[in-house]
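data-v1.pdb follows (PDB, C-alpha atoms and all ligand atoms):
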```pdb
ATOM      1  CA  MET A   9     -21.037  13.113  51.117  1.00  0.00           C
ATOM      2  CA  LYS A  10     -21.091  10.278  48.591  1.00  0.00           C
ATOM      3  CA  PHE A  11     -18.896  10.460  45.474  1.00  0.00           C
ATOM      4  CA  PHE A  12     -20.345   9.168  42.208  1.00  0.00           C
ATOM      5  CA  ILE A  13     -18.519   9.271  38.886  1.00  0.00           C
ATOM      6  CA  ASP A  14     -20.432  10.703  35.921  1.00  0.00           C
ATOM      7  CA  THR A  15     -19.307   8.523  33.012  1.00  0.00           C
ATOM      8  CA  ALA A  16     -20.089   5.406  31.014  1.00  0.00           C
ATOM      9  CA  ASN A  17     -16.386   4.757  30.381  1.00  0.00           C
ATOM     10  CA  ILE A  18     -15.336   1.480  32.016  1.00  0.00           C
ATOM     11  CA  GLU A  19     -11.647   2.454  32.359  1.00  0.00           C
ATOM     12  CA  GLU A  20     -12.560   5.694  34.174  1.00  0.00           C
ATOM     13  CA  ILE A  21     -14.912   3.781  36.469  1.00  0.00           C
ATOM     14  CA  LYS A  22     -12.146   1.235  37.215  1.00  0.00           C
ATOM     15  CA  GLU A  23      -9.678   4.016  37.990  1.00  0.00           C
ATOM     16  CA  ALA A  24     -12.107   5.831  40.326  1.00  0.00           C
ATOM     17  CA  GLN A  25     -13.043   2.531  42.002  1.00  0.00           C
ATOM     18  CA  SER A  26      -9.322   1.802  42.568  1.00  0.00           C
ATOM     19  CA  PHE A  27      -9.047   4.924  44.798  1.00  0.00           C
ATOM     20  CA  GLY A  28     -11.440   3.262  47.250  1.00  0.00           C
ATOM     21  CA  VAL A  29     -13.619   6.376  47.570  1.00  0.00           C
ATOM     22  CA  LEU A  30     -16.235   5.700  44.899  1.00  0.00           C
ATOM     23  CA  ASP A  31     -19.869   5.263  45.972  1.00  0.00           C
ATOM     24  CA  GLY A  32     -21.601   4.925  42.606  1.00  0.00           C
ATOM     25  CA  VAL A  33     -21.916   5.821  38.934  1.00  0.00           C
ATOM     26  CA  THR A  34     -24.278   8.002  36.919  1.00  0.00           C
ATOM     27  CA  THR A  35     -24.726   7.702  33.178  1.00  0.00           C
ATOM     28  CA  ASN A  36     -26.958   9.451  30.688  1.00  0.00           C
ATOM     29  CA  PRO A  37     -27.772   8.855  27.009  1.00  0.00           C
ATOM     30  CA  SER A  38     -25.075  11.340  25.906  1.00  0.00           C
ATOM     31  CA  LEU A  39     -22.398   9.602  27.998  1.00  0.00           C
ATOM     32  CA  MET A  40     -23.485   6.177  26.646  1.00  0.00           C
ATOM     33  CA  SER A  41     -23.330   7.484  23.070  1.00  0.00           C
ATOM     34  CA  ARG A  42     -19.857   8.913  23.735  1.00  0.00           C
ATOM     35  CA  GLU A  43     -18.747   5.297  24.341  1.00  0.00           C
ATOM     36  CA  ASN A  44     -20.465   4.340  21.059  1.00  0.00           C
ATOM     37  CA  ILE A  45     -22.851   1.959  22.859  1.00  0.00           C
ATOM     38  CA  LYS A  46     -25.777   1.385  20.495  1.00  0.00           C
ATOM     39  CA  GLY A  47     -28.764  -0.962  20.320  1.00  0.00           C
ATOM     40  CA  GLU A  48     -30.827  -2.199  23.270  1.00  0.00           C
ATOM     41  CA  LYS A  49     -28.806  -5.419  23.728  1.00  0.00           C
ATOM     42  CA  ASN A  50     -25.456  -3.589  23.902  1.00  0.00           C
ATOM     43  CA  ILE A  51     -26.854  -0.884  26.161  1.00  0.00           C
ATOM     44  CA  ILE A  52     -28.160  -3.502  28.621  1.00  0.00           C
ATOM     45  CA  GLU A  53     -24.843  -5.382  28.446  1.00  0.00           C
ATOM     46  CA  HIS A  54     -22.911  -2.177  29.152  1.00  0.00           C
ATOM     47  CA  TYR A  55     -24.982  -1.431  32.273  1.00  0.00           C
ATOM     48  CA  ARG A  56     -24.240  -4.985  33.460  1.00  0.00           C
ATOM     49  CA  LYS A  57     -20.497  -4.379  32.945  1.00  0.00           C
ATOM     50  CA  ILE A  58     -20.655  -1.107  34.892  1.00  0.00           C
ATOM     51  CA  CYS A  59     -22.455  -2.850  37.786  1.00  0.00           C
ATOM     52  CA  LEU A  60     -19.640  -5.412  37.962  1.00  0.00           C
ATOM     53  CA  GLU A  61     -17.035  -2.664  38.406  1.00  0.00           C
ATOM     54  CA  VAL A  62     -18.569  -0.555  41.159  1.00  0.00           C
ATOM     55  CA  ASP A  63     -19.736  -1.039  44.737  1.00  0.00           C
ATOM     56  CA  GLY A  64     -22.784   1.221  44.792  1.00  0.00           C
ATOM     57  CA  ASP A  65     -25.702   2.632  42.853  1.00  0.00           C
ATOM     58  CA  VAL A  66     -25.587   2.884  39.054  1.00  0.00           C
ATOM     59  CA  SER A  67     -28.012   5.301  37.377  1.00  0.00           C
ATOM     60  CA  ALA A  68     -29.342   4.080  34.026  1.00  0.00           C
ATOM     61  CA  GLU A  69     -31.546   6.520  32.138  1.00  0.00           C
ATOM     62  CA  VAL A  70     -34.771   5.685  30.288  1.00  0.00           C
ATOM     63  CA  ILE A  71     -35.218   6.938  26.727  1.00  0.00           C
ATOM     64  CA  SER A  72     -39.038   6.823  26.613  1.00  0.00           C
ATOM     65  CA  THR A  73     -41.066   9.888  27.501  1.00  0.00           C
ATOM     66  CA  ASP A  74     -44.557   8.277  27.536  1.00  0.00           C
ATOM     67  CA  LEU A  75     -45.699   6.756  30.837  1.00  0.00           C
ATOM     68  CA  ASP A  76     -45.991   3.122  29.703  1.00  0.00           C
ATOM     69  CA  GLY A  77     -42.643   3.345  27.957  1.00  0.00           C
ATOM     70  CA  ILE A  78     -40.879   4.807  31.009  1.00  0.00           C
ATOM     71  CA  ILE A  79     -42.413   2.126  33.254  1.00  0.00           C
ATOM     72  CA  ASN A  80     -41.530  -0.753  30.913  1.00  0.00           C
ATOM     73  CA  GLU A  81     -37.962   0.456  30.386  1.00  0.00           C
ATOM     74  CA  GLY A  82     -37.467   1.218  34.065  1.00  0.00           C
ATOM     75  CA  GLU A  83     -38.739  -2.187  35.190  1.00  0.00           C
ATOM     76  CA  LEU A  84     -36.473  -3.909  32.671  1.00  0.00           C
ATOM     77  CA  LEU A  85     -33.439  -1.869  33.804  1.00  0.00           C
ATOM     78  CA  SER A  86     -34.172  -2.419  37.492  1.00  0.00           C
ATOM     79  CA  LYS A  87     -34.131  -6.196  36.983  1.00  0.00           C
ATOM     80  CA  LEU A  88     -30.559  -6.130  35.631  1.00  0.00           C
ATOM     81  CA  ASP A  89     -28.937  -5.662  39.025  1.00  0.00           C
ATOM     82  CA  ASN A  90     -29.986  -4.370  42.437  1.00  0.00           C
ATOM     83  CA  LYS A  91     -27.414  -1.555  42.002  1.00  0.00           C
ATOM     84  CA  ILE A  92     -29.483  -0.068  39.161  1.00  0.00           C
ATOM     85  CA  VAL A  93     -31.244   3.232  39.824  1.00  0.00           C
ATOM     86  CA  VAL A  94     -33.769   4.142  37.120  1.00  0.00           C
ATOM     87  CA  LYS A  95     -32.999   7.648  35.896  1.00  0.00           C
ATOM     88  CA  VAL A  96     -36.175   9.448  34.828  1.00  0.00           C
ATOM     89  CA  PRO A  97     -36.494  12.940  33.327  1.00  0.00           C
ATOM     90  CA  MET A  98     -38.323  15.695  35.221  1.00  0.00           C
ATOM     91  CA  ILE A  99     -41.474  15.687  33.085  1.00  0.00           C
ATOM     92  CA  LYS A 100     -45.107  14.968  34.042  1.00  0.00           C
ATOM     93  CA  ASN A 101     -44.914  11.338  32.915  1.00  0.00           C
ATOM     94  CA  GLY A 102     -41.576  11.044  34.680  1.00  0.00           C
ATOM     95  CA  ILE A 103     -43.148  12.105  37.977  1.00  0.00           C
ATOM     96  CA  LYS A 104     -46.024   9.637  37.496  1.00  0.00           C
ATOM     97  CA  ALA A 105     -43.514   6.886  36.756  1.00  0.00           C
ATOM     98  CA  ILE A 106     -41.416   7.775  39.834  1.00  0.00           C
ATOM     99  CA  LYS A 107     -44.555   7.422  41.966  1.00  0.00           C
ATOM    100  CA  HIS A 108     -45.136   3.983  40.408  1.00  0.00           C
ATOM    101  CA  PHE A 109     -41.499   2.883  40.871  1.00  0.00           C
ATOM    102  CA  SER A 110     -41.505   4.129  44.449  1.00  0.00           C
ATOM    103  CA  SER A 111     -44.546   1.944  45.270  1.00  0.00           C
ATOM    104  CA  LYS A 112     -42.574  -1.031  43.920  1.00  0.00           C
ATOM    105  CA  ASN A 113     -39.383  -0.159  45.840  1.00  0.00           C
ATOM    106  CA  ILE A 114     -37.505   0.527  42.595  1.00  0.00           C
ATOM    107  CA  LYS A 115     -34.804   3.180  43.142  1.00  0.00           C
ATOM    108  CA  THR A 116     -35.086   6.324  40.993  1.00  0.00           C
ATOM    109  CA  ASN A 117     -33.011   9.355  40.098  1.00  0.00           C
ATOM    110  CA  CYS A 118     -35.080  12.294  38.830  1.00  0.00           C
ATOM    111  CA  THR A 119     -32.805  14.013  36.324  1.00  0.00           C
ATOM    112  CA  LEU A 120     -32.710  17.400  34.577  1.00  0.00           C
ATOM    113  CA  ILE A 121     -33.624  19.299  37.747  1.00  0.00           C
ATOM    114  CA  PHE A 122     -33.098  23.058  37.391  1.00  0.00           C
ATOM    115  CA  SER A 123     -35.279  24.466  40.183  1.00  0.00           C
ATOM    116  CA  SER A 124     -36.108  23.749  43.816  1.00  0.00           C
ATOM    117  CA  GLY A 125     -39.808  23.427  42.874  1.00  0.00           C
ATOM    118  CA  GLN A 126     -38.966  20.551  40.555  1.00  0.00           C
ATOM    119  CA  ALA A 127     -36.933  18.924  43.339  1.00  0.00           C
ATOM    120  CA  LEU A 128     -39.879  19.259  45.743  1.00  0.00           C
ATOM    121  CA  ILE A 129     -42.304  17.584  43.321  1.00  0.00           C
ATOM    122  CA  ALA A 130     -39.837  14.758  42.587  1.00  0.00           C
ATOM    123  CA  ALA A 131     -39.375  14.140  46.320  1.00  0.00           C
ATOM    124  CA  LYS A 132     -43.136  14.073  46.878  1.00  0.00           C
ATOM    125  CA  ALA A 133     -43.411  11.413  44.162  1.00  0.00           C
ATOM    126  CA  GLY A 134     -40.848   9.338  46.106  1.00  0.00           C
ATOM    127  CA  ALA A 135     -37.620   9.828  44.132  1.00  0.00           C
ATOM    128  CA  THR A 136     -34.568   8.218  45.756  1.00  0.00           C
ATOM    129  CA  TYR A 137     -32.312  10.916  44.258  1.00  0.00           C
ATOM    130  CA  VAL A 138     -32.813  14.246  42.503  1.00  0.00           C
ATOM    131  CA  SER A 139     -30.138  15.532  40.136  1.00  0.00           C
ATOM    132  CA  PRO A 140     -29.863  19.344  40.011  1.00  0.00           C
ATOM    133  CA  PHE A 141     -27.523  20.283  37.122  1.00  0.00           C
ATOM    134  CA  ILE A 142     -25.399  23.014  38.662  1.00  0.00           C
ATOM    135  CA  GLY A 143     -22.883  23.480  35.827  1.00  0.00           C
ATOM    136  CA  ARG A 144     -25.585  23.960  33.198  1.00  0.00           C
ATOM    137  CA  LEU A 145     -27.210  26.626  35.409  1.00  0.00           C
ATOM    138  CA  ASP A 146     -23.859  28.380  35.878  1.00  0.00           C
ATOM    139  CA  ASP A 147     -23.459  28.249  32.079  1.00  0.00           C
ATOM    140  CA  ILE A 148     -26.520  30.507  31.717  1.00  0.00           C
ATOM    141  CA  SER A 149     -25.495  32.861  34.559  1.00  0.00           C
ATOM    142  CA  ILE A 150     -27.805  31.342  37.191  1.00  0.00           C
ATOM    143  CA  ASP A 151     -26.072  30.298  40.415  1.00  0.00           C
ATOM    144  CA  GLY A 152     -26.318  26.499  40.394  1.00  0.00           C
ATOM    145  CA  LEU A 153     -25.124  26.193  43.994  1.00  0.00           C
ATOM    146  CA  ASN A 154     -28.014  28.371  45.125  1.00  0.00           C
ATOM    147  CA  ILE A 155     -30.435  25.689  43.872  1.00  0.00           C
ATOM    148  CA  ILE A 156     -28.599  23.091  45.983  1.00  0.00           C
ATOM    149  CA  SER A 157     -28.947  25.360  49.059  1.00  0.00           C
ATOM    150  CA  GLU A 158     -32.670  25.885  48.407  1.00  0.00           C
ATOM    151  CA  ILE A 159     -33.341  22.161  47.985  1.00  0.00           C
ATOM    152  CA  ARG A 160     -31.312  21.380  51.146  1.00  0.00           C
ATOM    153  CA  LYS A 161     -33.409  23.879  53.115  1.00  0.00           C
ATOM    154  CA  ILE A 162     -36.723  22.534  51.786  1.00  0.00           C
ATOM    155  CA  TYR A 163     -35.802  18.883  52.365  1.00  0.00           C
ATOM    156  CA  ASP A 164     -34.544  19.626  55.893  1.00  0.00           C
ATOM    157  CA  ASN A 165     -37.750  21.563  56.725  1.00  0.00           C
ATOM    158  CA  TYR A 166     -39.805  18.419  56.162  1.00  0.00           C
ATOM    159  CA  ASN A 167     -37.281  15.650  56.909  1.00  0.00           C
ATOM    160  CA  ILE A 168     -37.511  14.529  53.287  1.00  0.00           C
ATOM    161  CA  ASN A 169     -35.142  11.654  52.695  1.00  0.00           C
ATOM    162  CA  THR A 170     -34.759  12.026  48.906  1.00  0.00           C
ATOM    163  CA  GLN A 171     -31.015  12.479  48.350  1.00  0.00           C
ATOM    164  CA  ILE A 172     -29.638  15.573  46.624  1.00  0.00           C
ATOM    165  CA  LEU A 173     -27.268  14.344  43.907  1.00  0.00           C
ATOM    166  CA  ALA A 174     -25.455  17.434  42.607  1.00  0.00           C
ATOM    167  CA  ALA A 175     -24.806  16.879  38.896  1.00  0.00           C
ATOM    168  CA  SER A 176     -23.181  18.689  35.996  1.00  0.00           C
ATOM    169  CA  ILE A 177     -20.083  19.302  38.108  1.00  0.00           C
ATOM    170  CA  ARG A 178     -17.412  21.302  36.302  1.00  0.00           C
ATOM    171  CA  SER A 179     -14.652  21.810  38.891  1.00  0.00           C
ATOM    172  CA  PRO A 180     -13.238  20.745  42.264  1.00  0.00           C
ATOM    173  CA  MET A 181     -14.689  23.975  43.747  1.00  0.00           C
ATOM    174  CA  HIS A 182     -18.166  22.756  42.765  1.00  0.00           C
ATOM    175  CA  ILE A 183     -17.491  19.579  44.780  1.00  0.00           C
ATOM    176  CA  ILE A 184     -16.157  21.485  47.813  1.00  0.00           C
ATOM    177  CA  ASN A 185     -19.055  23.951  47.774  1.00  0.00           C
ATOM    178  CA  CYS A 186     -21.605  21.129  47.452  1.00  0.00           C
ATOM    179  CA  ALA A 187     -20.024  19.511  50.530  1.00  0.00           C
ATOM    180  CA  LYS A 188     -20.237  22.847  52.411  1.00  0.00           C
ATOM    181  CA  ILE A 189     -23.938  23.188  51.570  1.00  0.00           C
ATOM    182  CA  GLY A 190     -24.704  19.604  52.543  1.00  0.00           C
ATOM    183  CA  SER A 191     -25.419  17.917  49.230  1.00  0.00           C
ATOM    184  CA  ASP A 192     -25.848  14.186  49.899  1.00  0.00           C
ATOM    185  CA  VAL A 193     -23.989  13.127  46.751  1.00  0.00           C
ATOM    186  CA  ILE A 194     -21.968  14.673  43.948  1.00  0.00           C
ATOM    187  CA  THR A 195     -21.531  13.083  40.559  1.00  0.00           C
ATOM    188  CA  SER A 196     -18.451  14.317  38.785  1.00  0.00           C
ATOM    189  CA  PRO A 197     -16.213  13.587  35.815  1.00  0.00           C
ATOM    190  CA  LEU A 198     -13.006  11.802  36.862  1.00  0.00           C
ATOM    191  CA  THR A 199     -10.920  14.947  36.139  1.00  0.00           C
ATOM    192  CA  SER A 200     -12.589  17.042  38.873  1.00  0.00           C
ATOM    193  CA  ILE A 201     -12.320  14.217  41.443  1.00  0.00           C
ATOM    194  CA  VAL A 202      -8.602  13.780  40.691  1.00  0.00           C
ATOM    195  CA  LYS A 203      -7.997  17.549  41.010  1.00  0.00           C
ATOM    196  CA  LEU A 204      -9.101  17.280  44.670  1.00  0.00           C
ATOM    197  CA  PHE A 205      -5.974  15.202  45.389  1.00  0.00           C
ATOM    198  CA  HIS A 206      -3.525  17.913  44.427  1.00  0.00           C
ATOM    199  CA  HIS A 207      -1.891  20.815  46.222  1.00  0.00           C
ATOM    200  CA  PRO A 208       1.473  22.373  45.221  1.00  0.00           C
ATOM    201  CA  LEU A 209       2.577  22.485  48.890  1.00  0.00           C
ATOM    202  CA  THR A 210       1.988  18.720  49.117  1.00  0.00           C
ATOM    203  CA  ASP A 211       4.324  18.174  46.138  1.00  0.00           C
ATOM    204  CA  ILE A 212       6.958  20.597  47.487  1.00  0.00           C
ATOM    205  CA  GLY A 213       6.692  19.085  50.983  1.00  0.00           C
ATOM    206  CA  LEU A 214       7.008  15.510  49.761  1.00  0.00           C
ATOM    207  CA  LYS A 215      10.014  16.356  47.577  1.00  0.00           C
ATOM    208  CA  LYS A 216      11.774  17.962  50.551  1.00  0.00           C
ATOM    209  CA  PHE A 217      11.023  14.974  52.830  1.00  0.00           C
ATOM    210  CA  LEU A 218      12.390  12.524  50.261  1.00  0.00           C
ATOM    211  CA  ASP A 219      15.436  14.705  49.412  1.00  0.00           C
ATOM    212  CA  ASP A 220      16.287  14.971  53.142  1.00  0.00           C
ATOM    213  CA  HIS A 221      15.856  11.225  53.632  1.00  0.00           C
ATOM    214  CA  TYR A 222      18.093  10.356  50.661  1.00  0.00           C
ATOM    215  CA  SER A 223      20.715  12.948  51.636  1.00  0.00           C
ATOM    216  CA  VAL A 224      21.726  10.579  54.470  1.00  0.00           C
ATOM    217  CA  ASN A 225      20.359   7.233  53.163  1.00  0.00           C
ATOM    218  CA  LYS A 226      21.333   5.302  50.066  1.00  0.00           C
ATOM    219  CA  LYS A 227      18.700   5.014  47.310  1.00  0.00           C
TER     220      LYS A 227
HETATM  221  C1  LIG B   1     -26.272  13.954  35.584  1.00  0.00           C
HETATM  222  O1  LIG B   1     -26.635  12.915  36.061  1.00  0.00           O
HETATM  223  C2  LIG B   1     -25.722  14.111  34.250  1.00  0.00           C
HETATM  224  O2  LIG B   1     -25.253  12.849  33.817  1.00  0.00           O
HETATM  225  C3  LIG B   1     -24.545  15.028  34.165  1.00  0.00           C
HETATM  226  O3  LIG B   1     -24.025  15.363  35.439  1.00  0.00           O
HETATM  227  C4  LIG B   1     -24.714  16.163  33.240  1.00  0.00           C
HETATM  228  O4  LIG B   1     -23.491  16.861  33.177  1.00  0.00           O
HETATM  229  P1  LIG B   1     -23.134  17.869  31.987  1.00  0.00           P
HETATM  230  O5  LIG B   1     -23.902  19.118  32.171  1.00  0.00           O
HETATM  231  O6  LIG B   1     -21.655  18.090  32.142  1.00  0.00           O
HETATM  232  O7  LIG B   1     -23.484  17.142  30.710  1.00  0.00           O
END
```
Can the structure from this file be put into structure tokens for me?
Amino acid sequence: MKFFIDTANIEEIKEAQSFGVLDGVTTNPSLMSRENIKGEKNIIEHYRKICLEVDGDVSAEVISTDLDGIINEGELLSKLDNKIVVKVPMIKNGIKAIKHFSSKNIKTNCTLIFSSGQALIAAKAGATYVSPFIGRLDDISIDGLNIISEIRKIYDNYNINTQILAASIRSPMHIINCAKIGSDVITSPLTSIVKLFHHPLTDIGLKKFLDDHYSVNKK
């Protein structure tokens, strides 16, 4: 399973990249705004900076919702770097644009997926990735992981190679359960990735090993 970090914060991306386990980055307009990135020139420049920091795909989301606008924005973004994946919302014009991008070998991430039917349509249009938002489903008492299982089943039935990119991750258990189900990718905030490192028995065990070593060796 690939690990993407869900942030537009360069320091967080650098930290995750330093672990040596990072496979890519996803951003969205809210995450870009959180970094106070405004104006087309600065937005483009920020995507370039992100691409310099990471070995792997970088999702950059379009703002337009009309077909020509999505296509123009997506083509511009895709020219920035071959790591760029054009992130397109799951709307009718988004699906038409994904079909267009797919015919031009431009990578896409169909975002705001909340049902397996949406994931099926996006795959048929040729999306490289689909992003089911599991945390936001959990937030409204719908089992987000169940959507991942349904999409996995459908894609496996037909050997569909669109990758399931589980998004809106809220906890390390989301990551572990996505791995159990067979999600191709998770995109997570840095905090949930870092929580995977920890176990109290690891800390207790390491302390004991070091205490025993230094009980007979000088520091
Ligand atoms: C997906 O690509 C989105 O950027 C993201 O995972 C949404 O997460 P949120 O529900 O925590 O905003």
*Could you state which residues are captured by the PyMOL selection byres (((chain A and resi 59) around 10) and not hetatm) in this file, as a list in words?*
Gly32, Val33, Glu53, His54, Tyr55, Arg56, Lys57, Ile58, Leu60, Glu61, Val62, Asp63, Gly64, Asp65, Val66, Ser67, Leu88, Asp89, Asn90, Lys91 and Ile92 of chain A
*Selection as a ChimeraX atom specification: residues within 7 Å of ligand LIG 1 (chain B) by all atoms listed in the file*: /A:14,34-36,119,139,141,143-144,175-178,195-196
*asked:* For the PyMOL selection byres (((chain A and resi 24) around 12) and not hetatm), applied here, can you spell out every residue it catches as a ChimeraX atom specification?
replied: /A:11-15,17-23,25-33,61-63,195-202
*Name the residues that the PyMOL selection byres (((chain A and resi 186-194) around 8) and not hetatm) picks from the file above, as number ranges by chain, using the file's chain letters and numbers.*
A: 9-12, 153, 156-157, 160, 171-175, 177, 182-185, 195-196
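We find atom CA of A:Gln126 and atom CA of A:Val96 to be spaced 12.8 Å apart.
Counting from atom CA of A:Leu128, the distance to atom CA of A:Leu145 is 17.9 Å.
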*For the point (-39.6, 14.7, 36.9) in the file's frame, write as a PyMOL selection string all residues with an atom no more than 7 Å away, counting all atoms listed in the file.*
chain A and resi 96-100+102-103+118-119+126+130
Could you write those residues out with C-alpha atoms, as a PDB file, in the frame of the given file?
```pdb
ATOM      1  CA  VAL A  96     -36.175   9.448  34.828  1.00  0.00           C
ATOM      2  CA  PRO A  97     -36.494  12.940  33.327  1.00  0.00           C
ATOM      3  CA  MET A  98     -38.323  15.695  35.221  1.00  0.00           C
ATOM      4  CA  ILE A  99     -41.474  15.687  33.085  1.00  0.00           C
ATOM      5  CA  LYS A 100     -45.107  14.968  34.042  1.00  0.00           C
ATOM      6  CA  GLY A 102     -41.576  11.044  34.680  1.00  0.00           C
ATOM      7  CA  ILE A 103     -43.148  12.105  37.977  1.00  0.00           C
ATOM      8  CA  CYS A 118     -35.080  12.294  38.830  1.00  0.00           C
ATOM      9  CA  THR A 119     -32.805  14.013  36.324  1.00  0.00           C
ATOM     10  CA  GLN A 126     -38.966  20.551  40.555  1.00  0.00           C
ATOM     11  CA  ALA A 130     -39.837  14.758  42.587  1.00  0.00           C
TER      12      ALA A 130
END
```
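Atom pair atom CA of A:Ile155 / atom CA of A:Lys104: separated by 23.3 Å.
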*Quick one: everything within 12 Å of A:Lys112, counting only C-alpha atoms, minus sequence neighbours fewer than 5 positions away in the same chain. Send it as a PyMOL selection string.*
chain A and resi 79+82-83+86+105-107+134-135
*Compare A:Val70, A:Ala131, A:Asn101, A:Ile142 by their minimum atom-to-atom distance to A:Tyr166, counting all atoms listed in the file, and give me the closest one.*
A:Ala131
Around all of stretch 63-73 of chain A's listed atoms, make the axis-aligned box with 3 Å on each side and tell me centre and edge lengths in Å to one decimal, as lines of an AutoDock Vina configuration file.
```
center_x = -30.4
center_y = 4.4
center_z = 35.7
size_x = 27.3
size_y = 16.9
size_z = 24.2
```
_Among the residues A:Leu84, A:Leu209, A:Ala133, A:Leu214, the one that comes closest to A:Lys49 [using only C-alpha atoms]_ = A:Leu84
